[in-house]
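Source file: run33.cif. Holds: mmCIF, C-alpha atoms.
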```cif
data_input
#
loop_
_atom_site.label_atom_id
_atom_site.label_comp_id
_atom_site.auth_asym_id
_atom_site.auth_seq_id
_atom_site.Cartn_x
_atom_site.Cartn_y
_atom_site.Cartn_z
CA MET A 27 0.00 0.00 0.00
CA GLU A 28 1.44 3.34 -1.04
CA TYR A 29 0.86 6.56 0.87
CA ILE A 30 2.57 9.80 1.81
CA ILE A 31 2.53 11.70 5.10
CA VAL A 32 1.42 15.31 4.71
CA PRO A 33 0.31 18.10 7.05
CA MET A 34 -3.45 18.12 7.63
CA ASP A 35 -5.31 20.85 5.80
CA ARG A 36 -8.91 22.00 5.71
CA GLY A 37 -9.70 19.67 2.79
CA HIS A 38 -8.92 16.61 4.93
CA ILE A 39 -11.42 17.46 7.68
CA PRO A 40 -14.56 15.72 6.30
CA GLN A 41 -12.64 12.47 5.70
CA ILE A 42 -10.95 12.65 9.11
CA ALA A 43 -14.31 13.28 10.82
CA ALA A 44 -15.66 10.16 9.07
CA LEU A 45 -12.59 8.20 10.22
CA GLU A 46 -13.16 9.47 13.78
CA ARG A 47 -16.72 8.14 13.67
CA GLU A 48 -15.44 4.78 12.40
CA CYS A 49 -12.71 4.42 15.02
CA PHE A 50 -13.86 6.11 18.23
CA SER A 51 -16.96 5.91 20.42
CA THR A 52 -16.68 9.67 21.17
CA PRO A 53 -15.40 11.07 17.86
CA TRP A 54 -14.17 14.57 17.24
CA SER A 55 -16.55 16.66 15.15
CA GLU A 56 -15.58 18.61 12.03
CA ASN A 57 -15.68 21.80 14.14
CA MET A 58 -13.32 20.31 16.74
CA LEU A 59 -10.93 19.19 14.01
CA SER A 60 -11.07 22.61 12.38
CA ASP A 61 -10.30 24.31 15.70
CA ALA A 62 -7.39 21.92 16.26
CA LEU A 63 -6.03 22.59 12.77
CA PHE A 64 -5.54 26.25 13.65
CA ASP A 65 -4.23 25.70 17.19
CA PRO A 66 -0.62 26.98 17.21
CA LYS A 67 0.34 24.35 19.83
CA ALA A 68 -0.94 21.47 17.70
CA SER A 69 0.29 19.49 14.73
CA PHE A 70 -1.88 17.14 12.70
CA ILE A 71 -0.57 14.88 9.97
CA VAL A 72 -2.33 12.68 7.43
CA ALA A 73 -1.43 9.51 5.56
CA GLU A 74 -2.79 10.12 2.06
CA ASP A 75 -3.23 7.60 -0.74
CA GLY A 76 -2.38 8.46 -4.35
CA GLU A 77 -5.76 10.11 -4.96
CA GLY A 78 -5.66 12.31 -1.84
CA GLY A 79 -7.82 9.97 0.24
CA VAL A 80 -7.19 9.85 3.98
CA LEU A 81 -5.89 6.46 5.14
CA GLY A 82 -5.04 7.66 8.63
CA TYR A 83 -4.15 10.66 10.70
CA ALA A 84 -2.49 11.65 13.96
CA GLY A 85 -2.56 14.72 16.18
CA LEU A 86 -0.02 16.11 18.63
CA GLN A 87 -0.31 18.90 21.21
CA VAL A 88 2.92 20.49 22.46
CA VAL A 89 3.29 22.56 25.63
CA LEU A 90 6.83 23.71 26.32
CA ASP A 91 8.89 20.50 26.00
CA GLU A 92 6.00 18.05 26.54
CA GLY A 93 4.05 16.29 23.79
CA TYR A 94 0.61 14.73 24.06
CA ILE A 95 -0.64 12.55 21.21
CA ASP A 96 -4.37 13.20 20.91
CA ASN A 97 -5.37 10.60 18.35
CA ILE A 98 -3.96 8.13 15.91
CA ALA A 99 -6.57 6.59 13.64
CA VAL A 100 -6.19 4.36 10.60
CA GLU A 101 -8.93 3.30 8.20
CA GLU A 102 -9.74 -0.38 8.71
CA ALA A 103 -8.67 -1.40 5.17
CA ALA A 104 -5.29 0.33 5.67
CA ARG A 105 -4.43 -1.33 8.99
CA ARG A 106 -1.42 -3.67 9.12
CA HIS A 107 0.19 -1.83 6.21
CA GLY A 108 2.50 0.41 8.28
CA VAL A 109 0.30 3.52 8.19
CA GLY A 110 -0.04 3.91 11.98
CA ASP A 111 3.64 3.04 12.37
CA ALA A 112 4.64 5.79 9.91
CA LEU A 113 2.42 8.39 11.56
CA LEU A 114 3.75 7.58 15.03
CA ASP A 115 7.33 7.59 13.74
CA VAL A 116 6.96 11.21 12.59
CA PHE A 117 5.98 12.31 16.10
CA CYS A 118 8.68 10.17 17.74
CA ARG A 119 11.37 11.73 15.53
CA PHE A 120 10.03 15.19 16.37
CA GLY A 121 10.00 14.26 20.05
CA GLN A 122 13.58 13.00 19.94
CA ALA A 123 14.70 16.33 18.49
CA HIS A 124 12.54 18.72 20.52
CA LEU A 125 10.72 17.22 23.51
CA SER A 126 11.39 15.68 26.92
CA PHE A 127 8.61 13.15 26.44
CA LEU A 128 5.55 12.08 24.48
CA THR A 129 2.50 10.67 26.23
CA LEU A 130 -0.89 9.28 25.24
CA GLU A 131 -3.87 7.29 26.48
CA VAL A 132 -5.06 4.03 24.94
CA ARG A 133 -7.96 1.70 25.71
CA ALA A 134 -6.74 -1.15 27.90
CA SER A 135 -8.27 -3.63 25.41
CA ASN A 136 -6.57 -2.15 22.32
CA ALA A 137 -3.76 -4.70 22.08
CA PRO A 138 -2.67 -3.76 18.51
CA ALA A 139 -2.23 -0.09 19.47
CA ILE A 140 -0.43 -0.97 22.70
CA ALA A 141 1.97 -3.20 20.74
CA LEU A 142 2.62 -0.36 18.26
CA TYR A 143 3.36 2.09 21.06
CA ARG A 144 5.69 -0.36 22.79
CA LYS A 145 7.52 -0.91 19.48
CA HIS A 146 8.20 2.84 19.46
CA GLY A 147 9.57 2.87 23.01
CA PHE A 148 6.45 3.84 24.97
CA GLN A 149 6.01 2.32 28.41
CA GLU A 150 2.96 2.07 30.65
CA THR A 151 3.18 4.84 33.24
CA GLY A 152 -0.31 4.87 34.70
CA ARG A 153 -3.97 4.04 34.34
CA ARG A 154 -7.12 6.16 34.31
CA LYS A 155 -10.03 4.15 35.74
CA ASN A 156 -13.19 4.21 33.61
CA TYR A 157 -11.72 6.92 31.36
CA TYR A 158 -13.53 5.75 28.24
CA GLN A 159 -17.29 5.48 27.78
CA GLN A 160 -19.29 3.34 25.35
CA PRO A 161 -18.03 0.91 26.51
CA ARG A 162 -16.69 1.97 29.89
CA GLU A 163 -13.03 1.04 30.08
CA ASP A 164 -9.75 2.05 31.68
CA ALA A 165 -7.16 4.03 29.77
CA ILE A 166 -3.53 3.02 29.94
CA ILE A 167 -1.22 6.02 30.02
CA MET A 168 1.88 5.35 27.94
CA THR A 169 4.93 7.60 27.81
CA ARG A 170 8.18 7.75 25.91
CA GLU A 171 10.95 9.83 27.41
CA PHE A 172 13.78 11.32 25.36
CA GLU A 173 17.35 11.99 26.38
CA HIS A 174 18.98 15.11 25.06
CA HIS A 175 22.71 15.59 25.26
CA GLU A 176 24.07 19.10 25.43
CA ALA A 177 26.71 20.00 22.85
CA GLU A 178 30.12 20.30 24.44
#
```
Encoding of this model in structure tokens:
Amino acid sequence: MEYIIVPMDRGHIPQIAALERECFSTPWSENMLSDALFDPKASFIVAEDGEGGVLGYAGLQVVLDEGYIDNIAVEEAARRHGVGDALLDVFCRFGQAHLSFLTLEVRASNAPAIALYRKHGFQETGRRKNYYQQPREDAIIMTREFEHHEAE
């Protein structure tokens, strides 16, 4: 499967909103995505197929030297083709260069996502009881810390 990673733009929002509805029990609306697109502390990237279709997307919020991954979502037909891996890799490379850590929450039952995050160096650092609704479920907090060496 071929795709490219590009910055999210306004034209992606309807497809991302549809992907949100497919992947999450409490999806972000088009208005929420539009607000996030213009948030100066946020970065959203999209995996696009050859025709400009959205295969997946990811969002990152940055405050000072801390990064919080809001969402990573991949269309069902594009899963297991490296799309989520590529999206996460972009944020991990950014984190390595600019942040102290990246953190995120994931449903405790989402074994494929947990495996992906572990592959990228994330470790379980906590749990939020009953964080998710529909169905009610705990969130596992996963964090990847970065070491930065000062130039001598």
Non-local contacts of region 77-88 of chain A (6 Å; all atoms listed in the file; under 5 positions in same chain excluded) as a list in words: Lys67, Ala68, Ser69, Phe70, Ile71, Val72, Gly93, Tyr94, Ile95, Asp96, Asn97, Ile98, Ala99, Val100 and Glu101 of chain A
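Straight-line separation from CA of Glu74 (chain A) to CA of Met34 (chain A): 9.8 Å.
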Test item: the PyMOL selection byres ((chain A and resi 155-169) around 8) resolved as an NGL selection string: :A and (51-52 or 127-134 or 143 or 148-154 or 170-171)
Using all atoms listed in the file: which of A:Glu102, A:Asp65, A:Ala73, A:Tyr29 has the shortest distance to Glu48 (chain A):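 Checking each candidate against Glu48 (chain A), we get A:Glu102 as the closest.
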Gap from CA of Leu63 (chain A) to CA of Ile39 (chain A) - Å, one decimal: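 Between these atoms lies a distance of 9.0 Å.
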Length of the CA of Arg106 (chain A) to CA of Phe120 (chain A) vector [Å]: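 Calculated distance between CA of Arg106 (chain A) and CA of Phe120 (chain A) is 23.2 Å.
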Top pick for closest residue to Val32 (chain A), considering A:Cys118, A:Ala123, A:Leu113, A:Ala141 and counting only C-alpha atoms: A:Leu113
Option closest in space to Val89 (chain A), from A:Ile140, A:Leu125, A:Met27, A:Val109 [counting all atoms listed in the file]: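 Of A:Ile140, A:Leu125, A:Met27, A:Val109, the one nearest Val89 (chain A) is A:Leu125, counting all atoms listed in the file.
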Selection result of the PyMOL selection byres ((chain A and resi 36) around 10) on this file, as a ChimeraX atom specification: /A:34-35,37-40,56,59-60,63-64
Once 6 Å is added on each side, what are the centre and the three edge lengths, in Å to one decimal, of the axis-aligned box enclosing the listed atoms of region 57-74 of chain A? Present them as AutoDock Vina command-line options.
```
--center_x -7.7 --center_y 18.2 --center_z 10.9 --size_x 28.0 --size_y 29.5 --size_z 29.8
```
Residue with smallest distance to Ala112 (chain A) - pool A:Phe50, A:Ala62, A:Ala137, A:Leu142, counting only C-alpha atoms: A:Leu142
